[in-house]
Amino acid sequence: MADDVVYEAVGVSKSYGSVVALEGASMAVRRGEIVGLVGDNGAGKSTLVKILSGALQPDGGSIRLDGDERSWRSPREALEAGIETLYQDSGLCPDLTVSGNVFLGRERLRPGLLGKLGFLDKPAMEVEAGEALDRAGIGFAGVRRTVNEFSGGQRQAVAIGRAVAWARKVIILDEPTNHLGARQAGEVLNVMRRARENGLGVVFISHTLPHILEVTDRVVVLRLGQVVADEPTANFTPDSLLKVITGLADSPAA
Ligand SMILES: Nc1ncnc2c1ncn2[C@@H]1O[C@H](COP(=O)(O)OP(=O)(O)OP(=O)(O)O)[C@@H](O)[C@H]1O
């Protein structure tokens, strides 16, 4: 089983001044697995996500990718190693087309005259963006339409599609179903399932416990900066998960 682990945090600690946000927290995600990361407000989820995405460096503990210890100096380094993170604020540019957003920061260039100037290769990007979103299970998006024509849920789907399209190993989704209606949230959960089918490791952070219980294979519960449970999702009921999160129980069986 350990061989399947693609990405892990091992005994990670992080403090902000005197506030201990994480204390010896460990979690792992395997290829083709969706792990739910849950916890009450202030439990340390965002801090762990920032460490996994390279936005923050831990004070102690380590990060391992494919079994090798890694230390990210920036989110770009984690990204280049195959780890995509989608934060609550999707980071889409509303005035750009879908295709422009999919390739934002990774634009394809055509060589210009004498190889000196580069031009954006829009047709190639449109074809590739369409294929990438199809693969992610998002068929609705007209790639030439600008993002501000879409509903909140559709924008979210494009943002996730972009992350799934680029992720090579792991995708971290921080509250991706927030503010979505039931049908749109269902579409986002399907995109996650598709990412799992494609062999990615998926980390799904959410306060919406029914979504966690519906789509994940395993749940990691953080409480006051510590991992208090790490179990197959099938072991939890909505009630027992809530009890572990709030500290009324230490395990789903309690
Ligand atoms: N930049 C910061 N400076 C000081 N303290 C911080 C900072 N960021 C987070 N904290 C503190 O660290 C702890 C963990 O916060 P974190 O944001 O990781 O929790 P969370 O589980 O993501 O919470 P939420 O569900 O409310 O987003 C909290 O006590 C929080 O107040």
# chains A, B, ... in the order shown; residues from 1 in each chain; ligands from 1
>>> residues_near_ligand(ligand="ligand 1", cutoff="7 Å", atoms="only C-alpha atoms and all ligand atoms", output="PDB file with C-alpha atoms, in the first residue's frame")
ATOM      1  CA  TYR A  16       2.667  31.731  13.425  1.00  0.00           C
ATOM      2  CA  GLY A  17       4.458  33.539  16.244  1.00  0.00           C
ATOM      3  CA  VAL A  19       0.080  30.361  17.580  1.00  0.00           C
ATOM      4  CA  VAL A  20       0.697  26.677  16.882  1.00  0.00           C
ATOM      5  CA  ALA A  21      -1.218  25.953  13.663  1.00  0.00           C
ATOM      6  CA  GLY A  39     -11.581  20.029  10.669  1.00  0.00           C
ATOM      7  CA  ASP A  40     -13.276  22.879  12.468  1.00  0.00           C
ATOM      8  CA  ASN A  41     -12.390  26.529  11.806  1.00  0.00           C
ATOM      9  CA  GLY A  42      -8.782  27.114  12.774  1.00  0.00           C
ATOM     10  CA  ALA A  43      -7.920  23.388  12.886  1.00  0.00           C
ATOM     11  CA  GLY A  44      -4.971  23.912  10.520  1.00  0.00           C
ATOM     12  CA  LYS A  45      -6.347  22.781   7.132  1.00  0.00           C
ATOM     13  CA  SER A  46      -5.321  25.895   5.189  1.00  0.00           C
ATOM     14  CA  THR A  47      -1.883  25.853   6.775  1.00  0.00           C
ATOM     15  CA  LEU A  48      -1.375  22.225   5.717  1.00  0.00           C
ATOM     16  CA  GLY A 225      -3.291  21.347  14.552  1.00  0.00           C
TER      17      GLY A 225
END
>>> select_by_dssp(residues="segment 46-243 of chain A", states="alpha helix (DSSP H)", output="number ranges by chain")
A: 46-52, 75-80, 98-102, 122-135, 152-166, 182-197, 209-215, 238-243
>>> closest_residue(among="A:Ala229, A:Val220, A:Ala253, A:Ala136", to="Val38 of chain A", atoms="only C-alpha atoms")
A:Val220
>>> residues_around(residues="segment 87-102 of chain A", least_positions_apart="5", cutoff="7 Å", atoms="only C-alpha atoms", output="PyMOL selection string")
chain A and resi 125-126+129+143-148+156+159+162+173-176
>>> write_last_selection(atoms="N, CA and C atoms", output="compact mmCIF listing (two decimals), in the first residue's frame")
# COMPACT_ATOMS: atom_id res chain seq x y z
N MET A 125 -3.95 26.54 -28.63
CA MET A 125 -4.37 26.58 -27.22
C MET A 125 -5.86 26.25 -27.11
N GLU A 126 -6.66 26.71 -28.10
CA GLU A 126 -8.10 26.43 -28.03
C GLU A 126 -8.38 24.94 -28.18
N ALA A 129 -7.10 23.23 -24.99
CA ALA A 129 -7.94 23.53 -23.82
C ALA A 129 -9.22 22.72 -23.88
N VAL A 143 -14.68 27.05 -25.48
CA VAL A 143 -13.36 27.55 -25.07
C VAL A 143 -13.08 28.98 -25.53
N ARG A 144 -13.89 29.48 -26.50
CA ARG A 144 -13.65 30.86 -26.95
C ARG A 144 -14.49 31.88 -26.20
N ARG A 145 -15.37 31.39 -25.34
CA ARG A 145 -16.21 32.33 -24.59
C ARG A 145 -15.42 32.90 -23.41
N THR A 146 -15.74 34.15 -23.05
CA THR A 146 -15.02 34.72 -21.90
C THR A 146 -15.68 34.23 -20.62
N VAL A 147 -14.85 34.11 -19.60
CA VAL A 147 -15.30 33.50 -18.35
C VAL A 147 -16.42 34.31 -17.68
N ASN A 148 -16.43 35.64 -17.89
CA ASN A 148 -17.49 36.41 -17.22
C ASN A 148 -18.88 36.16 -17.79
N GLN A 156 -16.31 27.73 -11.60
CA GLN A 156 -15.61 26.81 -10.69
C GLN A 156 -15.19 25.55 -11.45
N ALA A 159 -12.20 26.31 -13.49
CA ALA A 159 -11.00 26.41 -12.65
C ALA A 159 -10.49 25.02 -12.27
N ARG A 162 -9.07 23.24 -15.28
CA ARG A 162 -7.71 23.72 -15.56
C ARG A 162 -6.70 23.02 -14.64
N LEU A 173 -7.71 20.55 -3.69
CA LEU A 173 -8.88 21.40 -3.93
C LEU A 173 -9.40 21.93 -2.60
N ASP A 174 -9.24 23.25 -2.38
CA ASP A 174 -9.62 23.86 -1.11
C ASP A 174 -11.04 24.42 -1.25
N GLU A 175 -12.00 23.78 -0.65
CA GLU A 175 -13.41 24.21 -0.65
C GLU A 175 -13.96 24.43 -2.07
N PRO A 176 -13.79 23.46 -2.98
CA PRO A 176 -14.21 23.71 -4.36
C PRO A 176 -15.72 23.73 -4.56
>>> residues_around(residues="segment 23-30 of chain A", least_positions_apart="5", cutoff="10 Å", atoms="only C-alpha atoms", output="ChimeraX atom specification")
/A:1-15,35-37,44,48,59-66,169-170,196,199-203,218-222,224-228,230
>>> write_last_selection(atoms="N, CA and C atoms", output="CSV table (one decimal), in the first residue's frame")
chain,number,residue,atom,x,y,z
A,1,MET,N,0.8,-1.2,0.0
A,1,MET,CA,0.0,0.0,0.0
A,1,MET,C,0.9,1.3,0.0
A,2,ALA,N,1.9,1.2,0.8
A,2,ALA,CA,2.8,2.4,0.9
A,2,ALA,C,3.4,2.7,-0.4
A,3,ASP,N,3.6,1.7,-1.3
A,3,ASP,CA,4.1,2.0,-2.6
A,3,ASP,C,3.2,2.9,-3.5
A,4,ASP,N,1.9,2.9,-3.2
A,4,ASP,CA,1.0,3.7,-3.9
A,4,ASP,C,1.0,5.2,-3.5
A,5,VAL,N,1.7,5.5,-2.4
A,5,VAL,CA,1.7,6.8,-1.9
A,5,VAL,C,2.4,7.7,-2.8
A,6,VAL,N,1.8,8.8,-3.3
A,6,VAL,CA,2.4,9.7,-4.2
A,6,VAL,C,2.9,10.9,-3.5
A,7,TYR,N,2.2,11.4,-2.5
A,7,TYR,CA,2.6,12.6,-1.8
A,7,TYR,C,2.2,12.5,-0.3
A,8,GLU,N,3.1,13.0,0.5
A,8,GLU,CA,2.8,12.9,2.0
A,8,GLU,C,3.5,14.0,2.8
A,9,ALA,N,2.8,14.4,3.8
A,9,ALA,CA,3.4,15.2,4.9
A,9,ALA,C,3.7,14.3,6.0
A,10,VAL,N,4.9,14.4,6.6
A,10,VAL,CA,5.3,13.6,7.7
A,10,VAL,C,5.7,14.4,8.9
A,11,GLY,N,4.9,14.3,9.9
A,11,GLY,CA,5.2,15.0,11.2
A,11,GLY,C,5.4,16.5,11.0
A,12,VAL,N,4.5,17.2,10.2
A,12,VAL,CA,4.7,18.6,9.9
A,12,VAL,C,4.2,19.5,11.0
A,13,SER,N,5.0,20.5,11.3
A,13,SER,CA,4.7,21.5,12.3
A,13,SER,C,4.8,22.9,11.7
A,14,LYS,N,3.9,23.8,12.2
A,14,LYS,CA,4.0,25.2,11.8
A,14,LYS,C,3.4,26.1,12.8
A,15,SER,N,4.1,27.1,13.2
A,15,SER,CA,3.6,28.1,14.1
A,15,SER,C,3.6,29.5,13.4
A,35,VAL,N,-8.6,11.9,-0.9
A,35,VAL,CA,-8.5,12.0,0.6
A,35,VAL,C,-9.3,13.3,1.0
A,36,GLY,N,-10.2,13.2,1.9
A,36,GLY,CA,-10.9,14.3,2.5
A,36,GLY,C,-10.1,14.9,3.6
A,37,LEU,N,-9.9,16.2,3.7
A,37,LEU,CA,-9.2,16.8,4.8
A,37,LEU,C,-10.2,17.7,5.5
A,44,GLY,N,-6.3,24.0,11.2
A,44,GLY,CA,-5.0,23.9,10.5
A,44,GLY,C,-5.0,23.4,9.1
A,48,LEU,N,-1.9,23.5,6.3
A,48,LEU,CA,-1.4,22.2,5.7
A,48,LEU,C,-1.4,22.3,4.2
A,59,ASP,N,7.9,24.4,9.8
A,59,ASP,CA,9.0,24.6,10.8
A,59,ASP,C,9.7,23.3,11.1
A,60,GLY,N,8.9,22.2,11.0
A,60,GLY,CA,9.5,20.9,11.2
A,60,GLY,C,8.8,19.8,10.5
A,61,GLY,N,9.4,18.6,10.4
A,61,GLY,CA,8.7,17.6,9.6
A,61,GLY,C,9.2,17.7,8.1
A,62,SER,N,8.6,16.8,7.3
A,62,SER,CA,9.0,16.8,5.9
A,62,SER,C,7.9,16.5,5.0
A,63,ILE,N,8.1,16.8,3.7
A,63,ILE,CA,7.2,16.6,2.6
A,63,ILE,C,7.9,15.6,1.6
A,64,ARG,N,7.2,14.6,1.2
A,64,ARG,CA,7.8,13.6,0.3
A,64,ARG,C,6.9,13.4,-0.9
A,65,LEU,N,7.5,13.4,-2.0
A,65,LEU,CA,6.9,13.2,-3.3
A,65,LEU,C,7.5,11.9,-3.9
A,66,ASP,N,6.7,10.9,-4.2
A,66,ASP,CA,7.2,9.7,-4.7
A,66,ASP,C,8.3,9.1,-3.8
A,169,LYS,N,0.5,14.8,-10.8
A,169,LYS,CA,0.6,13.8,-9.7
A,169,LYS,C,-0.6,14.0,-8.7
A,170,VAL,N,-0.7,15.3,-8.3
A,170,VAL,CA,-1.6,15.5,-7.2
A,170,VAL,C,-2.4,16.8,-7.5
A,196,ARG,N,-9.5,11.1,-10.2
A,196,ARG,CA,-9.1,9.8,-9.5
A,196,ARG,C,-9.0,8.7,-10.6
A,199,GLY,N,-5.8,8.5,-12.3
A,199,GLY,CA,-4.7,8.1,-11.5
A,199,GLY,C,-4.0,9.2,-10.7
A,200,LEU,N,-4.7,10.4,-10.6
A,200,LEU,CA,-4.2,11.5,-9.7
A,200,LEU,C,-4.5,11.2,-8.3
A,201,GLY,N,-3.7,11.7,-7.4
A,201,GLY,CA,-4.0,11.8,-6.0
A,201,GLY,C,-4.8,13.1,-5.8
A,202,VAL,N,-5.9,13.0,-5.1
A,202,VAL,CA,-6.8,14.2,-4.9
A,202,VAL,C,-6.9,14.5,-3.4
A,203,VAL,N,-6.6,15.7,-3.0
A,203,VAL,CA,-6.9,16.1,-1.6
A,203,VAL,C,-8.0,17.1,-1.7
A,218,ARG,N,-10.9,8.2,1.8
A,218,ARG,CA,-10.4,8.2,3.1
A,218,ARG,C,-10.5,9.6,3.7
A,219,VAL,N,-10.6,9.7,5.0
A,219,VAL,CA,-10.8,11.0,5.6
A,219,VAL,C,-9.8,11.2,6.7
A,220,VAL,N,-9.1,12.4,6.6
A,220,VAL,CA,-8.2,12.8,7.6
A,220,VAL,C,-8.8,14.0,8.4
A,221,VAL,N,-8.8,13.8,9.7
A,221,VAL,CA,-9.5,14.9,10.6
A,221,VAL,C,-8.4,15.6,11.4
A,222,LEU,N,-8.4,16.9,11.2
A,222,LEU,CA,-7.4,17.8,12.0
A,222,LEU,C,-8.2,18.4,13.1
A,224,LEU,N,-7.2,21.2,16.2
A,224,LEU,CA,-6.2,22.0,16.9
A,224,LEU,C,-4.8,21.7,16.5
A,225,GLY,N,-4.6,21.5,15.1
A,225,GLY,CA,-3.3,21.3,14.6
A,225,GLY,C,-2.8,19.9,14.5
A,226,GLN,N,-3.6,19.0,15.1
A,226,GLN,CA,-3.1,17.6,15.1
A,226,GLN,C,-4.1,16.7,14.3
A,227,VAL,N,-3.5,15.7,13.7
A,227,VAL,CA,-4.4,14.7,13.0
A,227,VAL,C,-4.9,13.8,14.1
A,228,VAL,N,-6.3,13.8,14.2
A,228,VAL,CA,-6.9,12.9,15.3
A,228,VAL,C,-7.5,11.7,14.7
A,230,ASP,N,-7.6,9.2,10.8
A,230,ASP,CA,-7.2,9.0,9.4
A,230,ASP,C,-7.7,7.6,9.0
>>> residues_around(residues="Ala167 of chain A", least_positions_apart="4", cutoff="8 Å", atoms="only C-alpha atoms", output="number ranges by chain")
A: 79, 82-84, 163, 171, 200
>>> closest_residue(among="A:Leu56, A:Leu22, A:Leu86, A:Ile205", to="Trp72 of chain A", atoms="only C-alpha atoms")
A:Leu56
>>> atom_distance(atom1="atom CA of Glu33 of chain A", atom2="atom CA of Leu104 of chain A")
27.5 Å
>>> atom_distance(atom1="atom CA of Ile34 of chain A", atom2="atom CA of Thr246 of chain A")
22.5 Å
>>> atom_distance(atom1="atom CA of His179 of chain A", atom2="atom CA of Leu242 of chain A")
20.8 Å
>>> select_by_dssp(residues="segment 9-194 of chain A", states="strand (DSSP E)", output="PyMOL selection string")
chain A and resi 9-16+19-30+33-38+60-65+68-70+83-86+109-111+118-120+170-174
>>> residues_around(residues="Thr177 of chain A", least_positions_apart="4", cutoff="9 Å", atoms="only C-alpha atoms", output="list in words")
Gly153, Gln156, Gly181, Gln184, Ala185, Gly186, Val188, Leu189, Ser206, Thr208 and His211 of chain A
